[in-house]
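Student: Please read through the structure below; I'll follow up with questions.
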Amino acid sequence: MAPSPFQAEFRVRIGPDWVPLESLEGLEAEAVDMYLRHPPVSCCSFQGGFFIDVGGQPFSDDGSVDEFWMTWSWFFALKALLDGAEETGAQPWEEFVTALRLPRDVLEEVASKVGLEQP
């Protein structure tokens, strides 16, 4: 069987670096301590997301992942579509909301600025 062209790795931001989650195994206390010492602790102190690569082309990178809740918004949106919703939304970062539709088994995405009416 050929390897999948889709690869995803969950990384968290530790200081200035995006670190694969598995590399923190055994260092959980140090990671939590680093977060708690971050002046000031805010929602932006806790960032993580999926770094996705499809067929050798990056789909996401350090400029497109953000706070944990934003990553999770994709899961809730995709679940809603798979459960039969005609349309749902996700908020991949503060400035945008995304309308998602799944007609004919093809995911459609329409992004708009927060505060503007979704298409």
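Residues in the structure tokens are numbered from 1 in each chain, the chains being A, B, ... in the order shown, and ligands are numbered from 1 in the order shown.
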Among chain A, which ones does DSSP place in strand (DSSP E), written as a ChimeraX atom specification?

Tutor: /A:6-14,17-20,48-54,57-58,87-93,96-101,108-113

Student: DSSP on the backbone: what in range 3-116 of chain A comes out helix (DSSP H, G or I), as a PyMOL selection string?

Tutor: chain A and resi 21-24+28-37+43-45+68-82+103-105

Student: Save out the residues we just selected, C-alpha atoms, as a CSV table (one decimal), in the first residue's frame.

Tutor:
chain,number,residue,atom,x,y,z
A,21,LEU,CA,3.6,17.1,20.9
A,22,GLU,CA,5.4,13.8,21.2
A,23,SER,CA,8.7,15.6,21.8
A,24,LEU,CA,7.3,16.9,25.1
A,28,GLU,CA,5.0,18.0,30.8
A,29,ALA,CA,5.9,19.7,34.1
A,30,GLU,CA,8.5,21.9,32.4
A,31,ALA,CA,6.0,22.9,29.7
A,32,VAL,CA,3.3,23.8,32.1
A,33,ASP,CA,5.8,25.8,34.2
A,34,MET,CA,7.0,27.6,31.1
A,35,TYR,CA,3.4,28.6,30.3
A,36,LEU,CA,2.7,29.8,33.8
A,37,ARG,CA,5.8,32.0,33.8
A,43,CYS,CA,-5.1,33.1,25.5
A,44,CYS,CA,-2.3,33.7,23.0
A,45,SER,CA,0.1,32.1,25.4
A,68,PHE,CA,-6.2,25.7,20.9
A,69,TRP,CA,-9.9,26.6,20.8
A,70,MET,CA,-9.5,27.8,17.2
A,71,THR,CA,-8.1,24.4,16.2
A,72,TRP,CA,-11.0,22.7,18.0
A,73,SER,CA,-13.5,24.8,16.2
A,74,TRP,CA,-12.7,22.8,13.0
A,75,PHE,CA,-13.5,19.5,14.7
A,76,PHE,CA,-16.9,20.8,15.9
A,77,ALA,CA,-17.7,22.2,12.4
A,78,LEU,CA,-16.7,19.0,10.6
A,79,LYS,CA,-18.7,16.9,13.0
A,80,ALA,CA,-21.8,19.0,12.4
A,81,LEU,CA,-21.4,18.5,8.6
A,82,LEU,CA,-20.9,14.8,9.0
A,103,PRO,CA,-22.5,19.4,-1.0
A,104,ARG,CA,-21.8,16.4,-3.1
A,105,ASP,CA,-19.1,15.2,-0.7

Student: Given the choices A:Ser112, A:Gln47, A:Thr88, A:Gln7, which gets closest to Phe59 in chain A if the distance is worked out from only C-alpha atoms?

Tutor: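 Closest candidate: A:Gln7.
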
Student: Nearest to Val65 in chain A among A:Phe46, A:Val106, A:Pro92, A:Thr98, with distances taken over only C-alpha atoms: which residue is it?

Tutor: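 Counting only C-alpha atoms, the residue closest to Val65 in chain A is A:Pro92.
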
Student: Determine, counting only C-alpha atoms, which protein, DNA and RNA residues have an atom within 6 Å of an atom of range 9-15 of chain A; residues of the same chain fewer than 5 positions away are not included. Present the result as a list of chain:residue names.

Tutor: A:Pro20, A:Leu21, A:Gln47, A:Gly48, A:Gly49, A:Phe50, A:Phe51

Student: Would you kindly return, as JSON, numbers by chain, each protein, DNA or RNA residue with an atom no farther than 12 Å from any atom of Gln57 in chain A, considering only C-alpha atoms and excluding same-chain residues fewer than 3 positions away?

Tutor: {"A": [5, 6, 7, 8, 51, 52, 53, 54, 60, 61]}

Student: Generate a file of the selected residues that holds C-alpha atoms, formatted as a short mmCIF file (atom, residue, chain, number, x, y, z; two decimals), in the first residue's frame.

Tutor:
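Below you can see again_29.cif, which holds the result:
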data_model
loop_
_atom_site.label_atom_id
_atom_site.label_comp_id
_atom_site.auth_asym_id
_atom_site.auth_seq_id
_atom_site.Cartn_x
_atom_site.Cartn_y
_atom_site.Cartn_z
CA PRO A 5 -0.08 11.98 0.60
CA PHE A 6 -1.78 13.51 3.67
CA GLN A 7 0.33 14.11 6.78
CA ALA A 8 -0.67 16.01 9.91
CA PHE A 51 0.68 21.33 10.64
CA ILE A 52 -0.76 19.68 7.54
CA ASP A 53 1.07 18.63 4.40
CA VAL A 54 -0.67 17.19 1.33
CA SER A 60 -0.83 24.96 7.14
CA ASP A 61 2.24 26.37 8.83
#
